[in-house]
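Visitor: Supplied structure: work-v8.cif, mmCIF, C-alpha atoms.
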data_model
loop_
_atom_site.group_PDB
_atom_site.id
_atom_site.type_symbol
_atom_site.label_atom_id
_atom_site.label_comp_id
_atom_site.auth_asym_id
_atom_site.auth_seq_id
_atom_site.Cartn_x
_atom_site.Cartn_y
_atom_site.Cartn_z
ATOM 1 C CA MET A 1457 10.851 -0.679 31.647
ATOM 2 C CA LYS A 1458 13.282 -2.980 29.971
ATOM 3 C CA ASN A 1459 15.281 -1.432 27.184
ATOM 4 C CA ILE A 1460 14.496 -2.888 23.800
ATOM 5 C CA ASN A 1461 17.458 -3.149 21.504
ATOM 6 C CA TRP A 1462 15.856 -1.956 18.287
ATOM 7 C CA PHE A 1463 19.051 -2.448 16.335
ATOM 8 C CA HIS A 1464 18.844 -6.154 17.080
ATOM 9 C CA TYR A 1465 15.476 -6.370 15.283
ATOM 10 C CA ALA A 1466 16.754 -4.155 12.489
ATOM 11 C CA ALA A 1467 19.408 -6.719 11.585
ATOM 12 C CA PRO A 1468 18.280 -8.264 8.265
ATOM 13 C CA GLN A 1469 18.675 -11.816 9.553
ATOM 14 C CA THR A 1470 16.470 -11.260 12.614
ATOM 15 C CA PHE A 1471 13.927 -9.219 10.697
ATOM 16 C CA TYR A 1472 13.635 -11.881 7.991
ATOM 17 C CA GLY A 1473 12.411 -14.381 10.578
ATOM 18 C CA LEU A 1474 10.215 -11.883 12.386
ATOM 19 C CA ALA A 1475 8.541 -10.696 9.152
ATOM 20 C CA GLY A 1476 8.026 -14.304 8.075
ATOM 21 C CA LYS A 1477 6.113 -15.058 11.267
ATOM 22 C CA THR A 1478 3.958 -11.897 11.226
ATOM 23 C CA TRP A 1479 2.927 -11.278 7.623
ATOM 24 C CA PRO A 1480 0.343 -14.121 7.442
ATOM 25 C CA TRP A 1481 -1.518 -12.646 10.427
ATOM 26 C CA PHE A 1482 -1.777 -9.256 8.779
ATOM 27 C CA ALA A 1483 -2.849 -10.875 5.503
ATOM 28 C CA GLY A 1484 -5.624 -12.755 7.298
ATOM 29 C CA LEU A 1485 -6.681 -9.620 9.133
ATOM 30 C CA ALA A 1486 -6.746 -7.632 5.869
ATOM 31 C CA THR A 1487 -8.985 -10.244 4.210
ATOM 32 C CA ALA A 1488 -11.414 -10.355 7.121
ATOM 33 C CA LEU A 1489 -11.614 -6.552 7.394
ATOM 34 C CA MET A 1490 -12.113 -6.142 3.639
ATOM 35 C CA LEU A 1491 -14.963 -8.661 3.623
ATOM 36 C CA ALA A 1492 -16.598 -6.965 6.607
ATOM 37 C CA GLY A 1493 -16.130 -3.472 5.142
ATOM 38 C CA MET A 1494 -17.530 -4.455 1.751
ATOM 39 C CA TRP A 1495 -20.480 -6.239 3.374
ATOM 40 C CA LEU A 1496 -21.354 -3.175 5.441
ATOM 41 C CA GLY A 1497 -20.710 -0.847 2.513
ATOM 42 C CA PHE A 1498 -22.739 -2.722 -0.092
ATOM 43 C CA ALA A 1499 -25.328 -4.746 1.782
ATOM 44 C CA VAL A 1500 -26.120 -2.656 4.845
ATOM 45 C CA ALA A 1501 -25.336 1.011 4.175
ATOM 46 C CA PRO A 1502 -28.347 2.968 2.875
ATOM 47 C CA THR A 1503 -28.591 4.965 -0.351
ATOM 48 C CA ASP A 1504 -27.261 8.505 -0.053
ATOM 49 C CA PHE A 1505 -29.998 11.123 -0.384
ATOM 50 C CA GLN A 1506 -27.866 13.322 -2.665
ATOM 51 C CA GLN A 1507 -25.518 10.962 -4.501
ATOM 52 C CA GLY A 1508 -27.682 7.845 -4.809
ATOM 53 C CA GLU A 1509 -25.643 4.629 -5.015
ATOM 54 C CA GLY A 1510 -22.699 6.441 -6.587
ATOM 55 C CA TYR A 1511 -21.373 7.503 -3.210
ATOM 56 C CA ARG A 1512 -20.287 3.895 -2.498
ATOM 57 C CA ILE A 1513 -17.086 4.682 -4.415
ATOM 58 C CA ILE A 1514 -15.839 6.513 -1.324
ATOM 59 C CA PHE A 1515 -15.485 3.187 0.514
ATOM 60 C CA VAL A 1516 -12.308 2.646 -1.484
ATOM 61 C CA HIS A 1517 -11.545 6.220 -2.548
ATOM 62 C CA VAL A 1518 -11.070 7.706 0.924
ATOM 63 C CA PRO A 1519 -9.103 4.791 2.468
ATOM 64 C CA ALA A 1520 -6.877 4.545 -0.640
ATOM 65 C CA SER A 1521 -6.152 8.283 -0.489
ATOM 66 C CA TRP A 1522 -5.321 8.100 3.209
ATOM 67 C CA MET A 1523 -2.978 5.155 2.645
ATOM 68 C CA SER A 1524 -1.222 6.911 -0.237
ATOM 69 C CA MET A 1525 -0.292 9.710 2.175
ATOM 70 C CA VAL A 1526 0.518 7.477 5.158
ATOM 71 C CA ILE A 1527 2.810 5.256 3.094
ATOM 72 C CA TYR A 1528 4.759 8.249 1.806
ATOM 73 C CA LEU A 1529 5.263 9.472 5.369
ATOM 74 C CA ALA A 1530 6.387 5.970 6.380
ATOM 75 C CA MET A 1531 8.936 6.052 3.543
ATOM 76 C CA ALA A 1532 10.200 9.424 4.764
ATOM 77 C CA PHE A 1533 10.421 8.037 8.318
ATOM 78 C CA TRP A 1534 12.529 5.041 7.248
ATOM 79 C CA SER A 1535 14.673 7.324 5.099
ATOM 80 C CA VAL A 1536 15.485 9.590 8.048
ATOM 81 C CA LEU A 1537 16.431 6.503 10.089
ATOM 82 C CA GLY A 1538 18.511 5.201 7.204
ATOM 83 C CA LEU A 1539 20.439 8.426 6.715
ATOM 84 C CA THR A 1540 20.931 8.896 10.465
ATOM 85 C CA PHE A 1541 21.903 5.406 11.613
ATOM 86 C CA ASN A 1542 22.966 3.937 8.271
ATOM 87 C CA THR A 1543 20.949 0.780 8.977
ATOM 88 C CA ARG A 1544 20.584 -1.627 6.070
ATOM 89 C CA LEU A 1545 16.951 -2.423 6.780
ATOM 90 C CA SER A 1546 15.770 1.185 6.291
ATOM 91 C CA GLY A 1547 16.497 1.270 2.563
ATOM 92 C CA MET A 1548 14.813 -2.080 2.066
ATOM 93 C CA MET A 1549 11.709 -0.997 3.991
ATOM 94 C CA THR A 1550 11.462 2.202 1.934
ATOM 95 C CA ARG A 1551 11.748 0.228 -1.297
ATOM 96 C CA ALA A 1552 9.207 -2.335 -0.107
ATOM 97 C CA LEU A 1553 6.684 0.425 0.661
ATOM 98 C CA ALA A 1554 6.962 2.335 -2.619
ATOM 99 C CA PRO A 1555 4.998 0.036 -5.007
ATOM 100 C CA THR A 1556 2.046 -0.222 -2.609
ATOM 101 C CA GLY A 1557 2.088 3.554 -2.119
ATOM 102 C CA ALA A 1558 2.049 4.062 -5.872
ATOM 103 C CA LEU A 1559 -0.843 1.606 -6.140
ATOM 104 C CA PHE A 1560 -2.949 3.486 -3.593
ATOM 105 C CA ALA A 1561 -2.113 6.884 -5.133
ATOM 106 C CA PHE A 1562 -3.246 5.533 -8.496
ATOM 107 C CA LEU A 1563 -6.437 4.063 -7.002
ATOM 108 C CA SER A 1564 -7.156 7.389 -5.323
ATOM 109 C CA LEU A 1565 -6.949 9.180 -8.681
ATOM 110 C CA TRP A 1566 -8.810 6.453 -10.582
ATOM 111 C CA THR A 1567 -11.737 6.114 -8.180
ATOM 112 C CA GLY A 1568 -11.786 9.902 -7.819
ATOM 113 C CA ALA A 1569 -12.197 10.291 -11.579
ATOM 114 C CA LEU A 1570 -14.996 7.723 -11.613
ATOM 115 C CA TRP A 1571 -16.720 9.593 -8.810
ATOM 116 C CA GLY A 1572 -16.098 13.016 -10.373
ATOM 117 C CA LYS A 1573 -17.674 12.206 -13.736
ATOM 118 C CA PRO A 1574 -21.237 11.568 -12.479
ATOM 119 C CA MET A 1575 -21.080 14.019 -9.548
ATOM 120 C CA TRP A 1576 -19.160 16.987 -10.985
ATOM 121 C CA GLY A 1577 -19.552 16.234 -14.676
ATOM 122 C CA ALA A 1578 -15.778 16.008 -15.158
ATOM 123 C CA TRP A 1579 -13.255 13.162 -14.889
ATOM 124 C CA TRP A 1580 -10.566 15.587 -13.897
ATOM 125 C CA VAL A 1581 -10.139 19.222 -12.861
ATOM 126 C CA TRP A 1582 -6.890 21.043 -12.052
ATOM 127 C CA ASP A 1583 -7.973 21.542 -8.500
ATOM 128 C CA ALA A 1584 -5.374 21.815 -5.673
ATOM 129 C CA ARG A 1585 -6.397 18.517 -4.054
ATOM 130 C CA LEU A 1586 -6.339 16.522 -7.286
ATOM 131 C CA THR A 1587 -3.156 18.124 -8.589
ATOM 132 C CA SER A 1588 -1.200 17.554 -5.372
ATOM 133 C CA GLU A 1589 -2.344 13.908 -5.278
ATOM 134 C CA LEU A 1590 -1.165 13.523 -8.883
ATOM 135 C CA ILE A 1591 2.228 14.929 -7.825
ATOM 136 C CA LEU A 1592 2.309 12.322 -5.033
ATOM 137 C CA PHE A 1593 1.757 9.586 -7.618
ATOM 138 C CA PHE A 1594 4.638 10.982 -9.706
ATOM 139 C CA LEU A 1595 6.864 11.135 -6.602
ATOM 140 C CA TYR A 1596 6.287 7.414 -6.078
ATOM 141 C CA LEU A 1597 7.111 6.679 -9.708
ATOM 142 C CA GLY A 1598 10.187 8.925 -9.482
ATOM 143 C CA TYR A 1599 11.362 7.116 -6.354
ATOM 144 C CA ILE A 1600 10.935 3.697 -7.978
ATOM 145 C CA ALA A 1601 12.617 4.767 -11.229
ATOM 146 C CA LEU A 1602 15.553 6.448 -9.482
ATOM 147 C CA THR A 1603 16.310 3.638 -7.018
ATOM 148 C CA SER A 1604 16.081 0.961 -9.686
ATOM 149 C CA ALA A 1605 18.339 2.920 -12.048
ATOM 150 C CA ILE A 1606 21.251 2.989 -9.574
ATOM 151 C CA ASP A 1607 23.190 -0.295 -9.565
ATOM 152 C CA ASP A 1608 24.923 0.271 -6.234
ATOM 153 C CA THR A 1609 22.067 -0.559 -3.852
ATOM 154 C CA ARG A 1610 23.306 1.462 -0.877
ATOM 155 C CA ARG A 1611 23.825 4.552 -3.068
ATOM 156 C CA GLY A 1612 20.377 3.959 -4.539
ATOM 157 C CA ASP A 1613 18.975 3.813 -1.010
ATOM 158 C CA ARG A 1614 20.529 7.167 -0.118
ATOM 159 C CA ALA A 1615 19.392 8.875 -3.327
ATOM 160 C CA GLY A 1616 15.893 7.483 -2.814
ATOM 161 C CA ALA A 1617 15.896 8.607 0.821
ATOM 162 C CA LEU A 1618 16.386 12.193 -0.350
ATOM 163 C CA ILE A 1619 13.355 12.043 -2.677
ATOM 164 C CA ALA A 1620 11.293 10.450 0.091
ATOM 165 C CA ILE A 1621 12.227 13.149 2.623
ATOM 166 C CA VAL A 1622 11.997 16.187 0.323
ATOM 167 C CA GLY A 1623 8.778 14.903 -1.259
ATOM 168 C CA ALA A 1624 7.134 14.467 2.146
ATOM 169 C CA ILE A 1625 6.422 18.221 2.122
ATOM 170 C CA ASN A 1626 3.709 17.405 -0.429
ATOM 171 C CA VAL A 1627 1.717 15.296 2.056
ATOM 172 C CA PRO A 1628 0.531 18.146 4.325
ATOM 173 C CA ILE A 1629 -0.125 20.161 1.158
ATOM 174 C CA ILE A 1630 -2.522 17.436 -0.043
ATOM 175 C CA TYR A 1631 -4.146 17.149 3.348
ATOM 176 C CA PHE A 1632 -4.728 20.875 3.893
ATOM 177 C CA SER A 1633 -5.312 21.795 0.228
ATOM 178 C CA VAL A 1634 -9.083 21.820 0.730
ATOM 179 C CA LYS A 1635 -8.675 24.394 3.509
ATOM 180 C CA TRP A 1636 -5.951 26.560 2.005
ATOM 181 C CA TRP A 1637 -7.475 26.982 -1.422
ATOM 182 C CA ASN A 1638 -10.933 27.090 -2.917
ATOM 183 C CA THR A 1639 -11.219 23.617 -4.273
ATOM 184 C CA LEU A 1640 -13.945 21.786 -6.117
ATOM 185 C CA HIS A 1641 -12.983 18.768 -4.030
ATOM 186 C CA GLN A 1642 -15.058 18.765 -0.870
ATOM 187 C CA GLY A 1643 -13.549 19.226 2.586
ATOM 188 C CA ALA A 1644 -13.057 16.384 5.034
ATOM 189 C CA SER A 1645 -16.241 14.615 6.162
ATOM 190 C CA VAL A 1646 -14.289 12.913 8.916
ATOM 191 C CA SER A 1647 -12.176 15.039 11.213
ATOM 192 C CA LEU A 1648 -10.302 14.294 14.419
ATOM 193 C CA THR A 1649 -11.467 17.525 15.999
ATOM 194 C CA LYS A 1650 -15.044 17.820 14.756
ATOM 195 C CA GLY A 1651 -16.026 14.182 14.459
ATOM 196 C CA SER A 1652 -17.926 12.931 11.458
ATOM 197 C CA SER A 1653 -20.730 14.331 9.361
ATOM 198 C CA MET A 1654 -21.569 10.948 7.834
ATOM 199 C CA ALA A 1655 -24.227 8.399 8.678
ATOM 200 C CA GLU A 1656 -22.862 5.846 11.104
ATOM 201 C CA VAL A 1657 -22.964 2.730 8.885
ATOM 202 C CA MET A 1658 -21.291 4.583 6.041
ATOM 203 C CA LEU A 1659 -18.585 5.786 8.399
ATOM 204 C CA TRP A 1660 -18.025 2.283 9.769
ATOM 205 C CA SER A 1661 -17.647 0.695 6.362
ATOM 206 C CA MET A 1662 -15.151 3.395 5.402
ATOM 207 C CA LEU A 1663 -13.170 2.912 8.617
ATOM 208 C CA LEU A 1664 -13.162 -0.876 8.210
ATOM 209 C CA MET A 1665 -11.825 -0.469 4.683
ATOM 210 C CA ALA A 1666 -9.164 1.931 5.966
ATOM 211 C CA LEU A 1667 -8.072 -0.625 8.579
ATOM 212 C CA ALA A 1668 -8.148 -3.338 5.900
ATOM 213 C CA PHE A 1669 -5.811 -1.302 3.687
ATOM 214 C CA TRP A 1670 -3.496 -0.726 6.656
ATOM 215 C CA ALA A 1671 -3.315 -4.459 7.356
ATOM 216 C CA TYR A 1672 -2.883 -5.197 3.627
ATOM 217 C CA THR A 1673 0.000 -2.727 3.374
ATOM 218 C CA ILE A 1674 1.752 -4.114 6.448
ATOM 219 C CA ALA A 1675 1.367 -7.716 5.220
ATOM 220 C CA LEU A 1676 2.634 -6.933 1.747
ATOM 221 C CA VAL A 1677 5.551 -4.794 2.923
ATOM 222 C CA LEU A 1678 6.693 -7.489 5.378
ATOM 223 C CA TYR A 1679 6.432 -10.048 2.601
ATOM 224 C CA ARG A 1680 8.258 -7.921 0.048
ATOM 225 C CA VAL A 1681 11.035 -6.894 2.424
ATOM 226 C CA ARG A 1682 11.867 -10.587 2.905
ATOM 227 C CA THR A 1683 12.448 -10.931 -0.833
ATOM 228 C CA LEU A 1684 14.711 -7.879 -0.760
ATOM 229 C CA ILE A 1685 16.630 -9.214 2.253
ATOM 230 C CA LEU A 1686 17.261 -12.532 0.469
ATOM 231 C CA GLN A 1687 18.442 -10.726 -2.665
ATOM 232 C CA ARG A 1688 20.815 -8.440 -0.819
ATOM 233 C CA GLU A 1689 22.112 -11.018 1.630
ATOM 234 C CA SER A 1690 22.398 -13.793 -0.963
ATOM 235 C CA HIS A 1691 26.085 -14.284 -0.132
ATOM 236 C CA ALA A 1692 25.618 -14.404 3.628
ATOM 237 C CA ALA A 1693 26.045 -17.766 5.331
ATOM 238 C CA TRP A 1694 22.733 -17.555 7.199
ATOM 239 C CA VAL A 1695 20.805 -17.382 3.911
ATOM 240 C CA HIS A 1696 22.420 -20.630 2.720
ATOM 241 C CA GLU A 1697 21.366 -22.330 5.937
ATOM 242 C CA LEU A 1698 17.667 -21.446 5.589
ATOM 243 C CA LYS A 1699 15.493 -24.510 5.157
ATOM 244 C CA GLU A 1700 13.611 -22.905 2.246
ATOM 245 C CA VAL A 1701 16.965 -22.641 0.435
ATOM 246 C CA THR A 1702 18.491 -26.040 1.281
ATOM 247 C CA SER A 1703 15.405 -28.129 0.572
ATOM 248 C CA MET B 77 -30.208 -6.700 3.056
ATOM 249 C CA ARG B 78 -31.343 -3.591 1.297
ATOM 250 C CA TRP B 79 -31.544 -4.824 -2.340
ATOM 251 C CA GLU B 80 -34.665 -6.331 -3.863
ATOM 252 C CA SER B 81 -32.854 -8.345 -6.527
ATOM 253 C CA TRP B 82 -29.407 -9.080 -7.904
ATOM 254 C CA SER B 83 -30.103 -7.078 -11.039
ATOM 255 C CA GLN B 84 -30.975 -4.091 -8.897
ATOM 256 C CA PHE B 85 -27.721 -4.599 -7.007
ATOM 257 C CA TRP B 86 -25.629 -4.768 -10.179
ATOM 258 C CA ALA B 87 -27.355 -1.712 -11.628
ATOM 259 C CA MET B 88 -26.266 0.426 -8.641
ATOM 260 C CA GLY B 89 -29.047 2.919 -9.253
ATOM 261 C CA GLY B 90 -27.591 3.888 -12.626
ATOM 262 C CA TYR B 91 -24.036 4.282 -11.315
ATOM 263 C CA ALA B 92 -22.941 0.740 -12.284
ATOM 264 C CA VAL B 93 -20.058 1.816 -14.571
ATOM 265 C CA TYR B 94 -18.606 4.146 -11.959
ATOM 266 C CA VAL B 95 -19.075 1.966 -8.886
ATOM 267 C CA TRP B 96 -17.991 -1.331 -10.476
ATOM 268 C CA GLY B 97 -15.246 0.433 -12.429
ATOM 269 C CA SER B 98 -13.821 1.564 -9.093
ATOM 270 C CA MET B 99 -14.244 -1.722 -7.229
ATOM 271 C CA GLY B 100 -13.105 -3.870 -10.153
ATOM 272 C CA VAL B 101 -9.882 -1.961 -10.787
ATOM 273 C CA THR B 102 -9.123 -1.878 -7.046
ATOM 274 C CA ALA B 103 -9.618 -5.646 -6.698
ATOM 275 C CA GLY B 104 -7.703 -6.342 -9.918
ATOM 276 C CA LEU B 105 -4.669 -4.245 -9.005
ATOM 277 C CA ILE B 106 -4.524 -5.690 -5.483
ATOM 278 C CA LEU B 107 -4.593 -9.195 -6.976
ATOM 279 C CA ILE B 108 -1.831 -8.308 -9.458
ATOM 280 C CA GLU B 109 0.325 -6.833 -6.703
ATOM 281 C CA VAL B 110 -0.062 -9.918 -4.504
ATOM 282 C CA LEU B 111 0.749 -12.292 -7.379
ATOM 283 C CA GLN B 112 3.726 -10.176 -8.440
ATOM 284 C CA ALA B 113 5.164 -10.177 -4.899
ATOM 285 C CA ARG B 114 4.739 -13.954 -4.648
ATOM 286 C CA TRP B 115 6.313 -14.496 -8.044
ATOM 287 C CA ALA B 116 9.327 -12.329 -7.131
ATOM 288 C CA HIS B 117 9.804 -14.196 -3.846
ATOM 289 C CA ARG B 118 9.668 -17.614 -5.515
ATOM 290 C CA GLN B 119 12.017 -16.464 -8.271
ATOM 291 C CA THR B 120 14.548 -15.336 -5.636
ATOM 292 C CA LEU B 121 14.252 -18.608 -3.717
ATOM 293 C CA THR B 122 14.737 -20.664 -6.901
ATOM 294 C CA GLN B 123 17.886 -18.673 -7.663
ATOM 295 C CA LEU B 124 19.242 -19.277 -4.147
ATOM 296 C CA GLN B 125 18.347 -22.987 -4.297
ATOM 297 C CA THR B 126 20.263 -23.341 -7.565
ATOM 298 C CA GLU B 127 23.314 -21.606 -6.091
ATOM 299 C CA TYR B 128 23.102 -23.873 -3.058
ATOM 300 C CA ALA B 129 22.816 -27.022 -5.170
ATOM 301 C CA VAL B 130 25.826 -26.004 -7.277
ATOM 302 C CA ALA B 131 27.848 -25.344 -4.123
ATOM 303 C CA GLN B 132 27.104 -28.880 -2.890
ATOM 304 C CA LEU B 133 28.596 -30.527 -5.981
ATOM 305 C CA PRO B 134 32.041 -32.159 -5.597
ATOM 306 C CA VAL B 135 34.748 -29.966 -7.105
ATOM 307 C CA GLU B 136 35.547 -32.407 -9.961
ATOM 308 C CA ASP B 137 31.984 -32.168 -11.286
ATOM 309 C CA LEU B 138 32.549 -28.490 -11.951
ATOM 310 C CA MET B 139 35.686 -29.068 -14.041
#
Can you give me the file's structure in the form of structure tokens?

Guide:
Amino acid sequence: MKNINWFHYAAPQTFYGLAGKTWPWFAGLATALMLAGMWLGFAVAPTDFQQGEGYRIIFVHVPASWMSMVIYLAMAFWSVLGLTFNTRLSGMMTRALAPTGALFAFLSLWTGALWGKPMWGAWWVWDARLTSELILFFLYLGYIALTSAIDDTRRGDRAGALIAIVGAINVPIIYFSVKWWNTLHQGASVSLTKGSSMAEVMLWSMLLMALAFWAYTIALVLYRVRTLILQRESHAAWVHELKEVTS
Amino acid sequence: MRWESWSQFWAMGGYAVYVWGSMGVTAGLILIEVLQARWAHRQTLTQLQTEYAVAQLPVEDLM
């Protein structure tokens, strides 16, 4: 197998071009998957025998919650790379991921509250699953506030990397909270080891929405990292030679 | 299609507030995030274009 020089692609100049070519594909994919997932979820999937039509909230609730955890782990991954190899791209990738992670953490809490009210009779309970997800949301906000408060961008990157890495311990806590403690929040309906306990159409619409959110996140992060690259490299010669700058 | 009418669809079996409250906020926030990212990118490009244009001016124009 030919050796790939990853550091070549991690150079901001190369990555700017690469991200510019790839983000539209992921954006298109996200749109198509969202339309398909919503069609299956709202036009095809049957009424739930226990929760009526109210269960349809899970088509965004579950994928949004998954993404909120995945994005935090991705931030921790880039932070480890950044602290180890001191690559410039790592800090920018972590910063580009944070707002979308915060968005999905918020949506997880919001849609969860709207599901909880009719099903449990409460918008919110201090249950281990809900509380640890709320902490995840605060970790995102803390990361964004800290990195934007430090003027020296590389120092900000390193400080942020520490929050991202230390905070990552919260992700397995969220995931296993329903097993470790007695929670009001139900256990997983979809499991890698036991398969799924849901009706097939419902499962498919949820999985399509999960893939849609993945594609959306990738598209948006690639797009946003290009803005960050331009801002940080604004004095580099290659930026002044870009056709979008000279025209 | 499993709905008999649009009004039945919008009513969501009595869960309209909860279901549409979830979907609406999700769609709205995604839209805001996309627009914000695009705005930030354009803002950055405008800034760079201005710097480039200034750098192209003959030195005497800057005196």

Visitor: Expand the PyMOL selection byres ((chain A and resi 1559) around 9) into the individual residues it matches in the shown file, reporting them as a list in words.

Guide: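 Checked against the file, the PyMOL selection byres ((chain A and resi 1559) around 9) matches Ala1520, Ser1524, Ala1554, Pro1555, Thr1556, Gly1557, Ala1558, Phe1560, Ala1561, Phe1562, Leu1563, Ser1564 and Phe1593 of chain A; Leu105, Ile106 and Glu109 of chain B.
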
Visitor: I want to know what sits within 9 Å of stretch 1613-1621 of chain A, based on only C-alpha atoms, with residues of the same chain fewer than 4 positions away left out; could you give that as a PyMOL selection string?

Guide: chain A and resi 1528-1529+1531-1536+1538-1539+1546-1548+1550-1551+1595-1596+1598-1600+1602-1603+1606+1608-1609+1625

Visitor: With the cut-off set at 7 Å and counting all atoms listed in the file, tabulate each residue of chain A with an atom at most that distance from an atom of chain B, showing the nearest atom pair and its distance in Å to one decimal, ordered by chain and increasing number, as a Markdown table.

Guide:
| residue | atom | partner | partner_atom | distance |
| --- | --- | --- | --- | --- |
| A:Ala1499 | CA | B:Met77 | CA | 5.4 |
| A:Val1500 | CA | B:Met77 | CA | 6.0 |
| A:Gly1508 | CA | B:Gly89 | CA | 6.8 |
| A:Glu1509 | CA | B:Met88 | CA | 5.6 |
| A:Gly1510 | CA | B:Tyr91 | CA | 5.4 |
| A:Arg1512 | CA | B:Val95 | CA | 6.8 |
| A:Ile1513 | CA | B:Val95 | CA | 5.6 |
| A:Leu1563 | CA | B:Thr102 | CA | 6.5 |
| A:Thr1567 | CA | B:Ser98 | CA | 5.1 |
| A:Leu1570 | CA | B:Tyr94 | CA | 5.1 |
| A:Trp1571 | CA | B:Tyr94 | CA | 6.6 |
| A:Arg1680 | CA | B:Ala113 | CA | 6.3 |
| A:Thr1683 | CA | B:His117 | CA | 5.2 |
| A:Gln1687 | CA | B:Thr120 | CA | 6.7 |
| A:His1696 | CA | B:Tyr128 | CA | 6.7 |
| A:Val1701 | CA | B:Gln125 | CA | 4.9 |
| A:Thr1702 | CA | B:Gln125 | CA | 6.4 |

Visitor: Carefully work through the PyMOL selection byres ((chain A and resi 1664-1669) around 10) for this structure and note down the residues it includes, as an MDAnalysis selection string.

Guide: chainID A and resid 1482:1494 1496:1497 1515:1523 1560 1659:1663 1670:1675

Visitor: Rounded to one decimal in Å, what is the spacing between atom CA of A:Thr1587 and atom CA of A:His1641?

Guide: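 Atom-to-atom, atom CA of A:Thr1587 to atom CA of A:His1641, that is 10.9 Å.
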
Visitor: I need the output of the PyMOL selection byres ((chain A and resi 1630-1634) around 12) for this file as JSON, numbers by chain; which residues are they?

Guide: {"A": [1518, 1521, 1522, 1524, 1525, 1526, 1528, 1561, 1583, 1584, 1585, 1586, 1587, 1588, 1589, 1590, 1591, 1592, 1593, 1623, 1624, 1625, 1626, 1627, 1628, 1629, 1635, 1636, 1637, 1638, 1639, 1640, 1641, 1642, 1643, 1644, 1645, 1647]}

Visitor: So how far away is atom CA of A:Ala1467 from atom CA of A:Thr1540, in Å?

Guide: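 If I compute the distance from atom CA of A:Thr1540 to atom CA of A:Ala1467, I get 15.7 Å.
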
Visitor: Atom CA of A:Leu1565 and atom CA of A:Ala1601 are how many Å apart?

Guide: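 Between atom CA of A:Leu1565 and atom CA of A:Ala1601 the gap is 20.2 Å.
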
Visitor: Got a sec: who's within 6 Å of A:Ala1466, counting only C-alpha atoms, leaving out chain neighbours fewer than 2 positions off, as a ChimeraX atom specification?

Guide: /A:1463-1464,1545

Visitor: If I wrap all listed atoms of stretch 113-121 of chain B in a box with edges along x, y and z and add 3 Å on each side, what are its centre and edge lengths in Å to one decimal, as AutoDock Vina command-line options?

Guide:
--center_x 9.6 --center_y -14.4 --center_z -6.0 --size_x 15.8 --size_y 14.4 --size_z 10.6
